[in-house]
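The structure appears right after this line, and notes come after that.
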Amino acid sequence: MPNNQPELLDAYLDAEANAQPEPSLTYRINFGNSRLGGGMVDELDAIKQYVVKAILTCREHFHIYSDDYGCELETLIGSDVTEAFIQSELPRMVREAIIFDDRIIDVTNVSAEREGDAVFIVATVESIYGEVTQEVTI
């Protein structure tokens, strides 16, 4: 930005400071059959759906999403990881997948439990709409 136009910078900074969050209204996803349907979800229900989708979506795999969207958990699939690794690295991976969204304030209490081939993940997510504890099975 040119130095001789500080009013443009001031206008931009003012607009950014007063920006309203984008609406969270989105189509409901039926994760059981991988289909859209069943109406729309908004606010806290949209956050719950986002958490599941962000964790289940492979990061840097789908061109429709930015490289920041999704989770790196696919790197663990098929590998023989220890329980210590799951307890140390998986919470970081999950937090990084979820915190990307502007509606998310914090991600806490991430835990994971492996049972056979499945991993059960639980995370508490604080959003601009409230707090939710969401479970995801991989």
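Residue numbers start at 1 in each chain; chains themselves are named A, B, ... in the order of the structure tokens; ligands are numbered from 1 in the order shown.
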Sorted per-residue table, stretch 14-100 of chain A near stretch 110-130 of chain A, closest atoms and distance, 10 Å, only C-alpha atoms, as JSON lines:
```
{"residue": "A:Pro21", "atom": "CA", "partner": "A:Ile128", "partner_atom": "CA", "distance": 9.3}
{"residue": "A:Asp42", "atom": "CA", "partner": "A:Tyr129", "partner_atom": "CA", "distance": 9.7}
{"residue": "A:Glu43", "atom": "CA", "partner": "A:Tyr129", "partner_atom": "CA", "distance": 6.0}
{"residue": "A:Leu44", "atom": "CA", "partner": "A:Tyr129", "partner_atom": "CA", "distance": 5.7}
{"residue": "A:Asp45", "atom": "CA", "partner": "A:Tyr129", "partner_atom": "CA", "distance": 9.5}
{"residue": "A:Ala46", "atom": "CA", "partner": "A:Tyr129", "partner_atom": "CA", "distance": 9.8}
{"residue": "A:Ile47", "atom": "CA", "partner": "A:Ser127", "partner_atom": "CA", "distance": 7.6}
{"residue": "A:Lys48", "atom": "CA", "partner": "A:Val125", "partner_atom": "CA", "distance": 8.7}
{"residue": "A:Val51", "atom": "CA", "partner": "A:Val125", "partner_atom": "CA", "distance": 8.4}
{"residue": "A:Val52", "atom": "CA", "partner": "A:Ile121", "partner_atom": "CA", "distance": 9.9}
{"residue": "A:Ile55", "atom": "CA", "partner": "A:Ile121", "partner_atom": "CA", "distance": 9.3}
{"residue": "A:Ile77", "atom": "CA", "partner": "A:Asp117", "partner_atom": "CA", "distance": 8.9}
{"residue": "A:Gly78", "atom": "CA", "partner": "A:Asp117", "partner_atom": "CA", "distance": 8.9}
{"residue": "A:Thr82", "atom": "CA", "partner": "A:Arg114", "partner_atom": "CA", "distance": 9.9}
{"residue": "A:Glu83", "atom": "CA", "partner": "A:Arg114", "partner_atom": "CA", "distance": 7.9}
{"residue": "A:Ile86", "atom": "CA", "partner": "A:Ala112", "partner_atom": "CA", "distance": 7.0}
{"residue": "A:Gln87", "atom": "CA", "partner": "A:Ala112", "partner_atom": "CA", "distance": 6.7}
{"residue": "A:Ser88", "atom": "CA", "partner": "A:Ser111", "partner_atom": "CA", "distance": 9.6}
{"residue": "A:Leu90", "atom": "CA", "partner": "A:Ala112", "partner_atom": "CA", "distance": 7.3}
{"residue": "A:Pro91", "atom": "CA", "partner": "A:Val110", "partner_atom": "CA", "distance": 5.3}
{"residue": "A:Arg92", "atom": "CA", "partner": "A:Val110", "partner_atom": "CA", "distance": 8.4}
{"residue": "A:Met93", "atom": "CA", "partner": "A:Val110", "partner_atom": "CA", "distance": 9.9}
{"residue": "A:Val94", "atom": "CA", "partner": "A:Val110", "partner_atom": "CA", "distance": 7.5}
{"residue": "A:Arg95", "atom": "CA", "partner": "A:Val110", "partner_atom": "CA", "distance": 7.6}
{"residue": "A:Ile98", "atom": "CA", "partner": "A:Val125", "partner_atom": "CA", "distance": 8.3}
{"residue": "A:Ile99", "atom": "CA", "partner": "A:Val125", "partner_atom": "CA", "distance": 8.8}
```
Would you put the residues from that selection into a file with N, CA and C atoms, as a PDB file, in the first residue's frame?
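In the end it all went to again36.pdb:
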```
ATOM      1  N   PRO A  21     -18.802 -12.353  11.426  1.00  0.00           N
ATOM      2  CA  PRO A  21     -18.488 -13.708  10.973  1.00  0.00           C
ATOM      3  C   PRO A  21     -19.456 -14.133   9.870  1.00  0.00           C
ATOM      4  N   ASP A  42     -27.094 -25.134  11.467  1.00  0.00           N
ATOM      5  CA  ASP A  42     -26.547 -23.806  11.700  1.00  0.00           C
ATOM      6  C   ASP A  42     -25.959 -23.743  13.101  1.00  0.00           C
ATOM      7  N   GLU A  43     -25.104 -22.786  13.295  1.00  0.00           N
ATOM      8  CA  GLU A  43     -24.485 -22.474  14.573  1.00  0.00           C
ATOM      9  C   GLU A  43     -23.856 -23.704  15.238  1.00  0.00           C
ATOM     10  N   LEU A  44     -24.297 -24.099  16.432  1.00  0.00           N
ATOM     11  CA  LEU A  44     -23.625 -25.170  17.166  1.00  0.00           C
ATOM     12  C   LEU A  44     -23.709 -26.517  16.437  1.00  0.00           C
ATOM     13  N   ASP A  45     -24.840 -26.797  15.791  1.00  0.00           N
ATOM     14  CA  ASP A  45     -24.943 -28.042  15.022  1.00  0.00           C
ATOM     15  C   ASP A  45     -23.989 -28.021  13.836  1.00  0.00           C
ATOM     16  N   ALA A  46     -23.798 -26.859  13.236  1.00  0.00           N
ATOM     17  CA  ALA A  46     -22.840 -26.738  12.135  1.00  0.00           C
ATOM     18  C   ALA A  46     -21.414 -26.936  12.636  1.00  0.00           C
ATOM     19  N   ILE A  47     -21.128 -26.479  13.843  1.00  0.00           N
ATOM     20  CA  ILE A  47     -19.811 -26.677  14.437  1.00  0.00           C
ATOM     21  C   ILE A  47     -19.565 -28.165  14.664  1.00  0.00           C
ATOM     22  N   LYS A  48     -20.548 -28.876  15.214  1.00  0.00           N
ATOM     23  CA  LYS A  48     -20.406 -30.316  15.436  1.00  0.00           C
ATOM     24  C   LYS A  48     -20.093 -31.027  14.123  1.00  0.00           C
ATOM     25  N   VAL A  51     -16.527 -30.270  12.893  1.00  0.00           N
ATOM     26  CA  VAL A  51     -15.487 -31.005  13.629  1.00  0.00           C
ATOM     27  C   VAL A  51     -15.326 -32.406  13.046  1.00  0.00           C
ATOM     28  N   VAL A  52     -16.436 -33.098  12.835  1.00  0.00           N
ATOM     29  CA  VAL A  52     -16.367 -34.446  12.270  1.00  0.00           C
ATOM     30  C   VAL A  52     -15.754 -34.399  10.877  1.00  0.00           C
ATOM     31  N   ILE A  55     -11.960 -33.638  10.795  1.00  0.00           N
ATOM     32  CA  ILE A  55     -11.130 -34.760  11.250  1.00  0.00           C
ATOM     33  C   ILE A  55     -11.121 -35.886  10.213  1.00  0.00           C
ATOM     34  N   ILE A  77      -2.850 -44.372   9.297  1.00  0.00           N
ATOM     35  CA  ILE A  77      -3.609 -45.547   8.889  1.00  0.00           C
ATOM     36  C   ILE A  77      -2.667 -46.596   8.302  1.00  0.00           C
ATOM     37  N   GLY A  78      -2.777 -47.777   8.814  1.00  0.00           N
ATOM     38  CA  GLY A  78      -1.948 -48.878   8.341  1.00  0.00           C
ATOM     39  C   GLY A  78      -0.570 -48.935   8.976  1.00  0.00           C
ATOM     40  N   THR A  82       2.447 -46.753  18.345  1.00  0.00           N
ATOM     41  CA  THR A  82       2.306 -47.132  19.749  1.00  0.00           C
ATOM     42  C   THR A  82       1.217 -46.314  20.427  1.00  0.00           C
ATOM     43  N   GLU A  83       0.777 -46.794  21.548  1.00  0.00           N
ATOM     44  CA  GLU A  83      -0.216 -46.060  22.337  1.00  0.00           C
ATOM     45  C   GLU A  83       0.358 -44.719  22.808  1.00  0.00           C
ATOM     46  N   ILE A  86      -0.011 -42.269  19.990  1.00  0.00           N
ATOM     47  CA  ILE A  86      -1.403 -41.825  19.865  1.00  0.00           C
ATOM     48  C   ILE A  86      -1.713 -40.770  20.920  1.00  0.00           C
ATOM     49  N   GLN A  87      -1.291 -41.000  22.138  1.00  0.00           N
ATOM     50  CA  GLN A  87      -1.594 -40.068  23.218  1.00  0.00           C
ATOM     51  C   GLN A  87      -0.842 -38.742  23.100  1.00  0.00           C
ATOM     52  N   SER A  88       0.297 -38.739  22.409  1.00  0.00           N
ATOM     53  CA  SER A  88       1.072 -37.504  22.310  1.00  0.00           C
ATOM     54  C   SER A  88       0.804 -36.732  21.017  1.00  0.00           C
ATOM     55  N   LEU A  90      -1.631 -37.495  18.364  1.00  0.00           N
ATOM     56  CA  LEU A  90      -2.984 -37.406  17.854  1.00  0.00           C
ATOM     57  C   LEU A  90      -3.733 -36.179  18.358  1.00  0.00           C
ATOM     58  N   PRO A  91      -3.633 -35.815  19.629  1.00  0.00           N
ATOM     59  CA  PRO A  91      -4.306 -34.576  20.067  1.00  0.00           C
ATOM     60  C   PRO A  91      -3.818 -33.331  19.309  1.00  0.00           C
ATOM     61  N   ARG A  92      -2.536 -33.265  19.016  1.00  0.00           N
ATOM     62  CA  ARG A  92      -2.011 -32.138  18.245  1.00  0.00           C
ATOM     63  C   ARG A  92      -2.606 -32.125  16.845  1.00  0.00           C
ATOM     64  N   MET A  93      -2.643 -33.279  16.201  1.00  0.00           N
ATOM     65  CA  MET A  93      -3.196 -33.379  14.848  1.00  0.00           C
ATOM     66  C   MET A  93      -4.670 -32.972  14.816  1.00  0.00           C
ATOM     67  N   VAL A  94      -5.415 -33.423  15.792  1.00  0.00           N
ATOM     68  CA  VAL A  94      -6.839 -33.102  15.859  1.00  0.00           C
ATOM     69  C   VAL A  94      -7.037 -31.608  16.110  1.00  0.00           C
ATOM     70  N   ARG A  95      -6.293 -31.063  17.037  1.00  0.00           N
ATOM     71  CA  ARG A  95      -6.416 -29.631  17.326  1.00  0.00           C
ATOM     72  C   ARG A  95      -6.096 -28.795  16.094  1.00  0.00           C
ATOM     73  N   ILE A  98      -9.007 -28.765  13.611  1.00  0.00           N
ATOM     74  CA  ILE A  98     -10.234 -28.073  14.008  1.00  0.00           C
ATOM     75  C   ILE A  98     -10.037 -26.566  14.159  1.00  0.00           C
ATOM     76  N   ILE A  99      -8.921 -26.118  14.662  1.00  0.00           N
ATOM     77  CA  ILE A  99      -8.706 -24.709  15.017  1.00  0.00           C
ATOM     78  C   ILE A  99      -8.679 -23.796  13.798  1.00  0.00           C
TER      79      ILE A  99
END
```
Run DSSP on the backbone and tell me which residues of stretch 16-118 of chain A come out as helix (DSSP H, G or I); list them as JSON, numbers by chain.
{"A": [16, 17, 43, 44, 45, 46, 47, 48, 49, 50, 51, 52, 53, 54, 55, 56, 73, 74, 75, 83, 84, 85, 86, 87, 88, 89, 90, 91, 92, 93, 94, 95, 96, 97, 98]}
Report, in Å with one decimal, the straight-line distance from atom CA of A:Val81 to atom CA of A:Lys53.
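So the two atoms, atom CA of A:Val81 and atom CA of A:Lys53, lie 23.4 Å apart.
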Can you work out the spacing between atom CA of A:Ala97 and atom CA of A:Leu13 in Å, to one decimal?
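Those two atoms sit 28.0 Å apart.
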For A:Gly39: contacts at 8 Å, only C-alpha atoms, fewer than 2 positions along chain excluded, given as a JSON list (two decimals) with C-alpha atoms, in the first residue's frame:
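Contents of the output file selection.json:
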```json
[["chain", "number", "residue", "atom", "x", "y", "z"],
["A", 27, "TYR", "CA", -26.32, -28.59, 4.41],
["A", 28, "ARG", "CA", -26.67, -31.43, 6.89],
["A", 37, "GLY", "CA", -29.64, -34.46, 3.12],
["A", 41, "VAL", "CA", -27.68, -27.06, 10.14]]
```
Please, what distance in Å, to one decimal, runs between atom CA of A:Ala54 and atom CA of A:Ala15?
28.9 Å
